[in-house]
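J.: This one is work27.pdb, PDB, C-alpha atoms, pLDDT in the B column.
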```pdb
ATOM      1  CA  MET O  10       0.000   0.000   0.000  1.00 70.00           C
ATOM      2  CA  GLY O  11       2.898   2.401   0.621  1.00 87.00           C
ATOM      3  CA  ILE O  12       3.175   5.469   2.841  1.00 93.00           C
ATOM      4  CA  LEU O  13      -0.076   7.437   2.804  1.00 94.00           C
ATOM      5  CA  SER O  14      -0.479  11.164   3.353  1.00 97.00           C
ATOM      6  CA  VAL O  15      -3.075  13.872   2.811  1.00 98.00           C
ATOM      7  CA  ARG O  16      -2.562  17.566   2.079  1.00 98.00           C
ATOM      8  CA  GLU O  17      -4.460  20.530   0.730  1.00 98.00           C
ATOM      9  CA  ILE O  18      -4.510  21.103  -3.017  1.00 97.00           C
ATOM     10  CA  ARG O  19      -1.747  23.169  -4.664  1.00 97.00           C
ATOM     11  CA  GLU O  20      -1.754  24.961  -8.009  1.00 97.00           C
ATOM     12  CA  SER O  21       0.511  22.198  -9.386  1.00 97.00           C
ATOM     13  CA  ASP O  22      -2.220  19.618  -8.665  1.00 97.00           C
ATOM     14  CA  ILE O  23      -4.779  21.223 -10.973  1.00 97.00           C
ATOM     15  CA  PRO O  24      -3.560  19.463 -14.160  1.00 97.00           C
ATOM     16  CA  LEU O  25      -3.584  16.110 -12.322  1.00 96.00           C
ATOM     17  CA  ILE O  26      -7.194  16.510 -11.227  1.00 96.00           C
ATOM     18  CA  THR O  27      -8.213  17.789 -14.651  1.00 96.00           C
ATOM     19  CA  ASP O  28      -6.509  14.837 -16.355  1.00 96.00           C
ATOM     20  CA  TYR O  29      -8.297  12.433 -14.027  1.00 95.00           C
ATOM     21  CA  TRP O  30     -11.664  13.799 -15.091  1.00 95.00           C
ATOM     22  CA  LEU O  31     -10.970  14.321 -18.774  1.00 95.00           C
ATOM     23  CA  LEU O  32      -8.735  11.333 -19.577  1.00 94.00           C
ATOM     24  CA  SER O  33     -10.322   8.552 -17.499  1.00 93.00           C
ATOM     25  CA  ASP O  34     -12.137   5.711 -19.193  1.00 91.00           C
ATOM     26  CA  PRO O  35     -15.771   6.733 -19.797  1.00 91.00           C
ATOM     27  CA  GLU O  36     -16.889   3.366 -18.355  1.00 90.00           C
ATOM     28  CA  LEU O  37     -15.080   4.162 -15.084  1.00 89.00           C
ATOM     29  CA  MET O  38     -16.860   7.507 -14.987  1.00 92.00           C
ATOM     30  CA  LYS O  39     -20.246   5.868 -15.597  1.00 93.00           C
ATOM     31  CA  GLY O  40     -19.493   3.391 -12.798  1.00 90.00           C
ATOM     32  CA  MET O  41     -19.150   6.374 -10.461  1.00 91.00           C
ATOM     33  CA  GLY O  42     -22.382   7.917 -11.676  1.00 94.00           C
ATOM     34  CA  VAL O  43     -20.687  10.543 -13.852  1.00 95.00           C
ATOM     35  CA  GLN O  44     -22.063  11.486 -17.265  1.00 95.00           C
ATOM     36  CA  PRO O  45     -18.895  12.203 -19.301  1.00 94.00           C
ATOM     37  CA  ASP O  46     -20.564  14.658 -21.680  1.00 94.00           C
ATOM     38  CA  LYS O  47     -21.395  16.896 -18.693  1.00 96.00           C
ATOM     39  CA  LEU O  48     -17.746  17.335 -17.684  1.00 96.00           C
ATOM     40  CA  PRO O  49     -16.377  20.888 -17.789  1.00 96.00           C
ATOM     41  CA  SER O  50     -13.528  21.762 -20.148  1.00 96.00           C
ATOM     42  CA  ARG O  51      -9.907  21.765 -18.993  1.00 96.00           C
ATOM     43  CA  GLU O  52     -10.084  25.557 -18.697  1.00 97.00           C
ATOM     44  CA  GLN O  53     -13.287  25.422 -16.640  1.00 96.00           C
ATOM     45  CA  TRP O  54     -11.795  22.840 -14.267  1.00 95.00           C
ATOM     46  CA  GLY O  55      -8.698  25.008 -13.915  1.00 95.00           C
ATOM     47  CA  GLU O  56     -10.717  28.104 -13.085  1.00 96.00           C
ATOM     48  CA  MET O  57     -12.907  26.295 -10.529  1.00 94.00           C
ATOM     49  CA  LEU O  58      -9.887  24.813  -8.747  1.00 95.00           C
ATOM     50  CA  SER O  59      -7.834  28.023  -8.898  1.00 96.00           C
ATOM     51  CA  THR O  60     -10.724  29.960  -7.378  1.00 95.00           C
ATOM     52  CA  GLN O  61     -10.833  27.479  -4.502  1.00 93.00           C
ATOM     53  CA  LEU O  62      -7.151  28.103  -3.777  1.00 94.00           C
ATOM     54  CA  ARG O  63      -7.718  31.852  -3.387  1.00 95.00           C
ATOM     55  CA  GLN O  64     -10.668  31.603  -1.000  1.00 97.00           C
ATOM     56  CA  SER O  65     -10.714  31.484   2.776  1.00 97.00           C
ATOM     57  CA  TYR O  66     -12.323  28.462   4.387  1.00 98.00           C
ATOM     58  CA  GLU O  67     -15.417  30.550   5.120  1.00 98.00           C
ATOM     59  CA  GLU O  68     -15.793  31.480   1.416  1.00 97.00           C
ATOM     60  CA  LYS O  69     -15.148  28.097  -0.184  1.00 97.00           C
ATOM     61  CA  GLN O  70     -17.857  26.460  -2.259  1.00 95.00           C
ATOM     62  CA  SER O  71     -15.532  23.486  -2.752  1.00 96.00           C
ATOM     63  CA  TYR O  72     -12.487  22.318  -0.786  1.00 97.00           C
ATOM     64  CA  CYS O  73     -10.063  19.737  -2.160  1.00 97.00           C
ATOM     65  CA  LEU O  74      -7.436  17.535  -0.552  1.00 98.00           C
ATOM     66  CA  ILE O  75      -4.782  15.544  -2.388  1.00 98.00           C
ATOM     67  CA  TRP O  76      -4.163  11.951  -1.422  1.00 97.00           C
ATOM     68  CA  GLU O  77      -0.557  10.804  -1.720  1.00 96.00           C
ATOM     69  CA  ILE O  78       0.969   7.346  -1.811  1.00 93.00           C
ATOM     70  CA  ASP O  79       4.733   7.283  -1.236  1.00 93.00           C
ATOM     71  CA  GLY O  80       4.818  11.056  -1.685  1.00 94.00           C
ATOM     72  CA  ASN O  81       3.131  10.987  -5.103  1.00 94.00           C
ATOM     73  CA  PRO O  82      -0.356  12.378  -5.777  1.00 96.00           C
ATOM     74  CA  ALA O  83      -2.677   9.397  -6.219  1.00 95.00           C
ATOM     75  CA  GLY O  84      -6.171  10.789  -5.737  1.00 96.00           C
ATOM     76  CA  HIS O  85      -8.279  13.443  -4.158  1.00 97.00           C
ATOM     77  CA  SER O  86     -11.164  14.006  -1.835  1.00 97.00           C
ATOM     78  CA  ASN O  87     -13.219  17.138  -1.987  1.00 97.00           C
ATOM     79  CA  VAL O  88     -16.295  18.550  -0.380  1.00 98.00           C
ATOM     80  CA  ASN O  89     -18.890  20.799  -1.953  1.00 96.00           C
ATOM     81  CA  LYS O  90     -22.347  22.086  -1.033  1.00 96.00           C
ATOM     82  CA  ILE O  91     -20.443  23.648   1.865  1.00 98.00           C
ATOM     83  CA  ARG O  92     -22.336  25.533   4.521  1.00 98.00           C
ATOM     84  CA  PHE O  93     -19.418  26.736   6.656  1.00 98.00           C
ATOM     85  CA  GLY O  94     -19.885  25.808  10.298  1.00 98.00           C
ATOM     86  CA  GLU O  95     -22.703  23.431   9.371  1.00 98.00           C
ATOM     87  CA  GLU O  96     -22.323  20.776   6.668  1.00 98.00           C
ATOM     88  CA  ALA O  97     -20.640  19.655   3.450  1.00 98.00           C
ATOM     89  CA  TYR O  98     -20.806  16.746   0.985  1.00 98.00           C
ATOM     90  CA  MET O  99     -17.680  14.628   0.467  1.00 98.00           C
ATOM     91  CA  HIS O 100     -16.418  12.918  -2.708  1.00 96.00           C
ATOM     92  CA  LEU O 101     -13.699  10.237  -2.959  1.00 94.00           C
ATOM     93  CA  HIS O 102     -11.407   9.552  -5.924  1.00 93.00           C
ATOM     94  CA  LEU O 103      -8.399   7.255  -6.289  1.00 89.00           C
ATOM     95  CA  TRP O 104      -7.052   8.089  -9.728  1.00 89.00           C
ATOM     96  CA  GLN O 105      -5.437   4.817 -10.809  1.00 80.00           C
ATOM     97  CA  GLY O 106      -6.828   1.322 -10.734  1.00 69.00           C
ATOM     98  CA  ASP O 107      -3.639  -0.174  -9.298  1.00 66.00           C
ATOM     99  CA  HIS O 108      -4.211   1.813  -6.072  1.00 58.00           C
ATOM    100  CA  ARG O 109      -7.776   0.600  -5.618  1.00 64.00           C
ATOM    101  CA  ARG O 110      -8.844  -2.399  -3.509  1.00 66.00           C
ATOM    102  CA  LYS O 111      -5.620  -2.396  -1.473  1.00 70.00           C
ATOM    103  CA  GLY O 112      -6.796  -0.651   1.684  1.00 75.00           C
ATOM    104  CA  ALA O 113      -5.545   2.834   0.807  1.00 87.00           C
ATOM    105  CA  GLY O 114      -9.027   4.310   0.322  1.00 90.00           C
ATOM    106  CA  PRO O 115     -10.330   3.835   3.869  1.00 92.00           C
ATOM    107  CA  ALA O 116      -7.046   5.046   5.369  1.00 93.00           C
ATOM    108  CA  LEU O 117      -6.959   8.145   3.148  1.00 96.00           C
ATOM    109  CA  VAL O 118     -10.580   9.032   3.894  1.00 96.00           C
ATOM    110  CA  HIS O 119      -9.851   8.584   7.618  1.00 96.00           C
ATOM    111  CA  MET O 120      -6.882  10.967   7.269  1.00 97.00           C
ATOM    112  CA  SER O 121      -9.027  13.504   5.366  1.00 98.00           C
ATOM    113  CA  LEU O 122     -11.768  13.815   7.975  1.00 98.00           C
ATOM    114  CA  PRO O 123      -9.862  16.154  10.344  1.00 98.00           C
ATOM    115  CA  TYR O 124      -9.273  18.616   7.495  1.00 98.00           C
ATOM    116  CA  PHE O 125     -12.971  18.765   6.679  1.00 98.00           C
ATOM    117  CA  PHE O 126     -14.295  18.899  10.236  1.00 98.00           C
ATOM    118  CA  ASN O 127     -11.641  21.224  11.676  1.00 98.00           C
ATOM    119  CA  ASN O 128     -11.082  23.653   8.792  1.00 98.00           C
ATOM    120  CA  LEU O 129     -14.732  24.009   7.797  1.00 98.00           C
ATOM    121  CA  LYS O 130     -16.065  23.755  11.391  1.00 98.00           C
ATOM    122  CA  LEU O 131     -18.585  21.133  10.266  1.00 98.00           C
ATOM    123  CA  LYS O 132     -21.375  19.748  12.398  1.00 98.00           C
ATOM    124  CA  VAL O 133     -22.094  16.987   9.880  1.00 98.00           C
ATOM    125  CA  LEU O 134     -20.290  15.566   6.860  1.00 98.00           C
ATOM    126  CA  TYR O 135     -22.379  13.827   4.219  1.00 98.00           C
ATOM    127  CA  CYS O 136     -21.424  11.572   1.352  1.00 98.00           C
ATOM    128  CA  GLU O 137     -23.863  10.613  -1.388  1.00 97.00           C
ATOM    129  CA  PRO O 138     -22.234   7.937  -3.586  1.00 97.00           C
ATOM    130  CA  TYR O 139     -23.857   6.091  -6.447  1.00 96.00           C
ATOM    131  CA  ALA O 140     -25.694   3.181  -4.804  1.00 97.00           C
ATOM    132  CA  LEU O 141     -24.360   0.749  -7.435  1.00 95.00           C
ATOM    133  CA  ASN O 142     -20.715   1.719  -6.755  1.00 93.00           C
ATOM    134  CA  ALA O 143     -19.859  -0.689  -3.949  1.00 92.00           C
ATOM    135  CA  ALA O 144     -16.406   0.687  -3.044  1.00 91.00           C
ATOM    136  CA  PRO O 145     -17.311   4.068  -1.516  1.00 94.00           C
ATOM    137  CA  ASN O 146     -20.349   2.621   0.233  1.00 95.00           C
ATOM    138  CA  LYS O 147     -18.174  -0.033   1.860  1.00 95.00           C
ATOM    139  CA  VAL O 148     -15.539   2.537   2.881  1.00 94.00           C
ATOM    140  CA  LEU O 149     -18.112   4.824   4.492  1.00 97.00           C
ATOM    141  CA  ALA O 150     -19.746   1.999   6.450  1.00 96.00           C
ATOM    142  CA  GLY O 151     -16.327   0.869   7.682  1.00 94.00           C
ATOM    143  CA  LEU O 152     -15.447   4.360   8.894  1.00 95.00           C
ATOM    144  CA  GLY O 153     -18.544   4.777  11.039  1.00 95.00           C
ATOM    145  CA  PHE O 154     -20.725   6.795   8.696  1.00 97.00           C
ATOM    146  CA  ARG O 155     -24.439   6.030   9.099  1.00 97.00           C
ATOM    147  CA  MET O 156     -26.530   5.351   6.017  1.00 98.00           C
ATOM    148  CA  LEU O 157     -29.580   7.599   6.279  1.00 98.00           C
ATOM    149  CA  ARG O 158     -31.466   6.542   3.170  1.00 98.00           C
ATOM    150  CA  GLU O 159     -31.334   5.459  -0.457  1.00 98.00           C
ATOM    151  CA  TYR O 160     -33.137   7.485  -3.120  1.00 97.00           C
ATOM    152  CA  ILE O 161     -32.959   8.594  -6.750  1.00 97.00           C
ATOM    153  CA  THR O 162     -31.495  11.995  -7.620  1.00 96.00           C
ATOM    154  CA  THR O 163     -28.955  13.767  -9.812  1.00 95.00           C
ATOM    155  CA  PRO O 164     -26.319  14.297  -7.095  1.00 93.00           C
ATOM    156  CA  GLY O 165     -24.055  16.732  -8.937  1.00 91.00           C
ATOM    157  CA  PHE O 166     -23.721  18.826 -12.067  1.00 93.00           C
ATOM    158  CA  ILE O 167     -21.582  16.144 -13.783  1.00 95.00           C
ATOM    159  CA  CYS O 168     -23.849  13.225 -12.849  1.00 96.00           C
ATOM    160  CA  PHE O 169     -26.777  11.418 -14.403  1.00 96.00           C
ATOM    161  CA  GLU O 170     -29.946  10.629 -12.444  1.00 97.00           C
ATOM    162  CA  GLN O 171     -29.180   7.622 -10.268  1.00 97.00           C
ATOM    163  CA  PRO O 172     -29.895   5.801  -7.028  1.00 98.00           C
ATOM    164  CA  VAL O 173     -27.650   7.142  -4.260  1.00 98.00           C
ATOM    165  CA  ARG O 174     -27.055   6.287  -0.649  1.00 98.00           C
ATOM    166  CA  LEU O 175     -26.845   9.213   1.731  1.00 98.00           C
ATOM    167  CA  TRP O 176     -24.292   8.671   4.496  1.00 98.00           C
ATOM    168  CA  ALA O 177     -23.590  11.003   7.434  1.00 98.00           C
ATOM    169  CA  LEU O 178     -20.955  11.446  10.131  1.00 98.00           C
ATOM    170  CA  THR O 179     -21.611  14.045  12.814  1.00 98.00           C
ATOM    171  CA  GLU O 180     -18.904  16.058  14.527  1.00 97.00           C
ATOM    172  CA  ALA O 181     -19.573  14.169  17.778  1.00 96.00           C
ATOM    173  CA  GLU O 182     -19.214  10.826  16.002  1.00 96.00           C
ATOM    174  CA  PHE O 183     -16.003  12.077  14.352  1.00 96.00           C
ATOM    175  CA  ARG O 184     -14.530  13.239  17.676  1.00 94.00           C
ATOM    176  CA  ASN O 185     -15.483  10.015  19.498  1.00 92.00           C
ATOM    177  CA  ARG O 186     -14.260   7.491  16.939  1.00 80.00           C
ATOM    178  CA  PRO O 187     -11.177   5.380  17.624  1.00 71.00           C
TER
END
```
Can the structure from this file be put into structure tokens for me?
T.:
Amino acid sequence: MGILSVREIRESDIPLITDYWLLSDPELMKGMGVQPDKLPSREQWGEMLSTQLRQSYEEKQSYCLIWEIDGNPAGHSNVNKIRFGEEAYMHLHLWQGDHRRKGAGPALVHMSLPYFFNNLKLKVLYCEPYALNAAPNKVLAGLGFRMLREYITTPGFICFEQPVRLWALTEAEFRNRP
């Protein structure tokens, strides 16, 4: 699995995130609930991510962390639908298939939680993965998130309508976990 670390996004990470979205196999994207023809252009991704870098925590509409394996960027987790001091919705992305299903995902999500709760002063962190994508649902259950319900929605601007599972972790649950 290698040495895992988490850090906030840097300007140099923007092309890596953009490449993940624009160069990934369309079938992988569909498996995550993403509709590839809804993806922003490289320039639009760059502007969205650059804007995030310039904003204070209180102003952020999105907040991204980079996941590293052996010091190399290997994925990201971000939150959006941020209501500072209240709530946000988390997303999880390991960029390369050879890093998946090896235990890195749960550890990296675990390491990301303090950034989200502490920096955004959250009372609750939600995650709304595609119900048919087993990996994130398994990770969330293993980390103490509670599944609140399953329903059909279009969870994001790059997604198609789909069944999702809404998971939640409160600040108290986060602070009291092992």
J.: Just want the 12 Å neighbourhood of Phe93 (chain O), counted on only C-alpha atoms, with same-chain residues fewer than 2 positions away dropped. Output as a PyMOL selection string.
T.: chain O and resi 65-72+88-91+95-98+125-134
J.: Given the file shown, enumerate the residues that the PyMOL selection byres ((chain O and resi 15) around 6) captures and present them as a ChimeraX atom specification.
T.: /O:14,16,75-76
J.: Go ahead and write the selection's residues with C-alpha atoms as a short mmCIF file (atom, residue, chain, number, x, y, z; two decimals), in the frame of the given file.
T.:
```
data_model
loop_
_atom_site.label_atom_id
_atom_site.label_comp_id
_atom_site.auth_asym_id
_atom_site.auth_seq_id
_atom_site.Cartn_x
_atom_site.Cartn_y
_atom_site.Cartn_z
CA SER O 14 -0.48 11.16 3.35
CA ARG O 16 -2.56 17.57 2.08
CA ILE O 75 -4.78 15.54 -2.39
CA TRP O 76 -4.16 11.95 -1.42
#
```
J.: State, in Å with one decimal place, the distance from CA of Leu48 (chain O) to CA of Lys111 (chain O).
T.: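 Going from CA of Leu48 (chain O) over to CA of Lys111 (chain O) covers 28.3 Å.
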J.: Taking all atoms listed in the file into account, produce a table as a Markdown table in which each residue of region 42-160 of chain O with an atom at most 7 Å from an atom of region 172-187 of chain O appears once, together with its shortest atom pair and the distance in Å to one decimal, ordered by chain and rising number.
T.:
```
| residue | atom | partner | partner_atom | distance |
| --- | --- | --- | --- | --- |
| O:Phe126 | CA | O:Glu180 | CA | 6.9 |
| O:Leu131 | CA | O:Glu180 | CA | 6.6 |
| O:Lys132 | CA | O:Glu180 | CA | 4.9 |
| O:Val133 | CA | O:Thr179 | CA | 4.2 |
| O:Leu134 | CA | O:Leu178 | CA | 5.3 |
| O:Tyr135 | CA | O:Ala177 | CA | 4.4 |
| O:Cys136 | CA | O:Trp176 | CA | 5.2 |
| O:Glu137 | CA | O:Leu175 | CA | 4.5 |
| O:Pro138 | CA | O:Val173 | CA | 5.5 |
| O:Tyr139 | CA | O:Val173 | CA | 4.5 |
| O:Ala140 | CA | O:Val173 | CA | 4.5 |
| O:Phe154 | CA | O:Leu178 | CA | 4.9 |
| O:Arg155 | CA | O:Trp176 | CA | 5.3 |
| O:Met156 | CA | O:Trp176 | CA | 4.3 |
| O:Leu157 | CA | O:Leu175 | CA | 5.5 |
| O:Arg158 | CA | O:Leu175 | CA | 5.5 |
| O:Glu159 | CA | O:Arg174 | CA | 4.4 |
| O:Tyr160 | CA | O:Pro172 | CA | 5.3 |
```
J.: Write the residues of the preceding selection, restricted to C-alpha atoms, as a PDB file, keeping the file's coordinate frame.
T.:
```
ATOM      1  CA  PHE O 126     -14.295  18.899  10.236  1.00 98.00           C
ATOM      2  CA  LEU O 131     -18.585  21.133  10.266  1.00 98.00           C
ATOM      3  CA  LYS O 132     -21.375  19.748  12.398  1.00 98.00           C
ATOM      4  CA  VAL O 133     -22.094  16.987   9.880  1.00 98.00           C
ATOM      5  CA  LEU O 134     -20.290  15.566   6.860  1.00 98.00           C
ATOM      6  CA  TYR O 135     -22.379  13.827   4.219  1.00 98.00           C
ATOM      7  CA  CYS O 136     -21.424  11.572   1.352  1.00 98.00           C
ATOM      8  CA  GLU O 137     -23.863  10.613  -1.388  1.00 97.00           C
ATOM      9  CA  PRO O 138     -22.234   7.937  -3.586  1.00 97.00           C
ATOM     10  CA  TYR O 139     -23.857   6.091  -6.447  1.00 96.00           C
ATOM     11  CA  ALA O 140     -25.694   3.181  -4.804  1.00 97.00           C
ATOM     12  CA  PHE O 154     -20.725   6.795   8.696  1.00 97.00           C
ATOM     13  CA  ARG O 155     -24.439   6.030   9.099  1.00 97.00           C
ATOM     14  CA  MET O 156     -26.530   5.351   6.017  1.00 98.00           C
ATOM     15  CA  LEU O 157     -29.580   7.599   6.279  1.00 98.00           C
ATOM     16  CA  ARG O 158     -31.466   6.542   3.170  1.00 98.00           C
ATOM     17  CA  GLU O 159     -31.334   5.459  -0.457  1.00 98.00           C
ATOM     18  CA  TYR O 160     -33.137   7.485  -3.120  1.00 97.00           C
TER      19      TYR O 160
END
```
J.: Which is closest to Ile12 (chain O) among O:Gln44, O:Asn87, O:Thr162, O:Ala116, if we use all atoms listed in the file?
T.: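 Ranked by minimum distance to Ile12 (chain O), first place goes to O:Ala116.
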J.: With all atoms listed in the file as the counted atoms, please give the residues lying no more than 12 Å from Gly112 (chain O), apart from itself and same-chain residues fewer than 3 positions off, as an MDAnalysis selection string.
T.: chainID O and resid 10:13 78 103 107:109 115:119 144:145 147:148 151
J.: Out of O:Glu170, O:Lys47, O:Met41, O:Gln64, which residue has the shortest atom-to-atom distance to Asn142 (chain O) when counting all atoms listed in the file?
T.: O:Met41
J.: Rounded to one decimal place, report the CA of Gly40 (chain O)-CA of Ile167 (chain O) distance in Å.
T.: 13.0 Å
J.: The PyMOL selection byres ((chain O and resi 22-26) around 9) on the file shown: which residues, as a PDB file with C-alpha atoms, keeping the file's coordinate frame?
T.:
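The resulting selection22.pdb:
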```pdb
ATOM      1  CA  ILE O  18      -4.510  21.103  -3.017  1.00 97.00           C
ATOM      2  CA  ARG O  19      -1.747  23.169  -4.664  1.00 97.00           C
ATOM      3  CA  GLU O  20      -1.754  24.961  -8.009  1.00 97.00           C
ATOM      4  CA  SER O  21       0.511  22.198  -9.386  1.00 97.00           C
ATOM      5  CA  THR O  27      -8.213  17.789 -14.651  1.00 96.00           C
ATOM      6  CA  ASP O  28      -6.509  14.837 -16.355  1.00 96.00           C
ATOM      7  CA  TYR O  29      -8.297  12.433 -14.027  1.00 95.00           C
ATOM      8  CA  TRP O  30     -11.664  13.799 -15.091  1.00 95.00           C
ATOM      9  CA  LEU O  31     -10.970  14.321 -18.774  1.00 95.00           C
ATOM     10  CA  ARG O  51      -9.907  21.765 -18.993  1.00 96.00           C
ATOM     11  CA  TRP O  54     -11.795  22.840 -14.267  1.00 95.00           C
ATOM     12  CA  GLY O  55      -8.698  25.008 -13.915  1.00 95.00           C
ATOM     13  CA  LEU O  58      -9.887  24.813  -8.747  1.00 95.00           C
ATOM     14  CA  SER O  59      -7.834  28.023  -8.898  1.00 96.00           C
ATOM     15  CA  ILE O  75      -4.782  15.544  -2.388  1.00 98.00           C
ATOM     16  CA  PRO O  82      -0.356  12.378  -5.777  1.00 96.00           C
ATOM     17  CA  GLY O  84      -6.171  10.789  -5.737  1.00 96.00           C
ATOM     18  CA  HIS O  85      -8.279  13.443  -4.158  1.00 97.00           C
ATOM     19  CA  TRP O 104      -7.052   8.089  -9.728  1.00 89.00           C
TER      20      TRP O 104
END
```
J.: Please measure the separation of CA of Gly153 (chain O) and CA of Gln61 (chain O), giving the value in Å to one decimal.
T.: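 The value is 28.6 Å.
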J.: Give me the box for region 136-141 of chain O as JSON, namely the centre and edge lengths in Å to one decimal of a box along x, y and z that holds every listed atom plus 5 Å on each side.
T.:
```
{"center_x": -23.6, "center_y": 6.2, "center_z": -3.0, "size_x": 14.3, "size_y": 20.8, "size_z": 18.8}
```
J.: When distances are computed from only C-alpha atoms, which of O:Thr60, O:Gly42, O:Leu37, O:Glu17 shows the smallest separation from Met120 (chain O)?
T.: O:Glu17
J.: Of the residues O:Leu32, O:Leu149, O:Leu74, O:Met57, which is the one nearest to Pro45 (chain O), using all atoms listed in the file?
T.: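 Comparing O:Leu32, O:Leu149, O:Leu74, O:Met57 against Pro45 (chain O), the winner is O:Leu32.
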J.: For Tyr124 (chain O), which residue among O:Ser86, O:Leu141, O:Glu36, O:Asn81 is the nearest when counting only C-alpha atoms?
T.: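 When distances to Tyr124 (chain O) are compared using only C-alpha atoms, the smallest one comes from O:Ser86.
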J.: Quick one: of O:Asp46, O:Glu56, O:Asp34, O:Glu77, who's nearest to Phe169 (chain O), counting only C-alpha atoms?
T.: O:Asp46
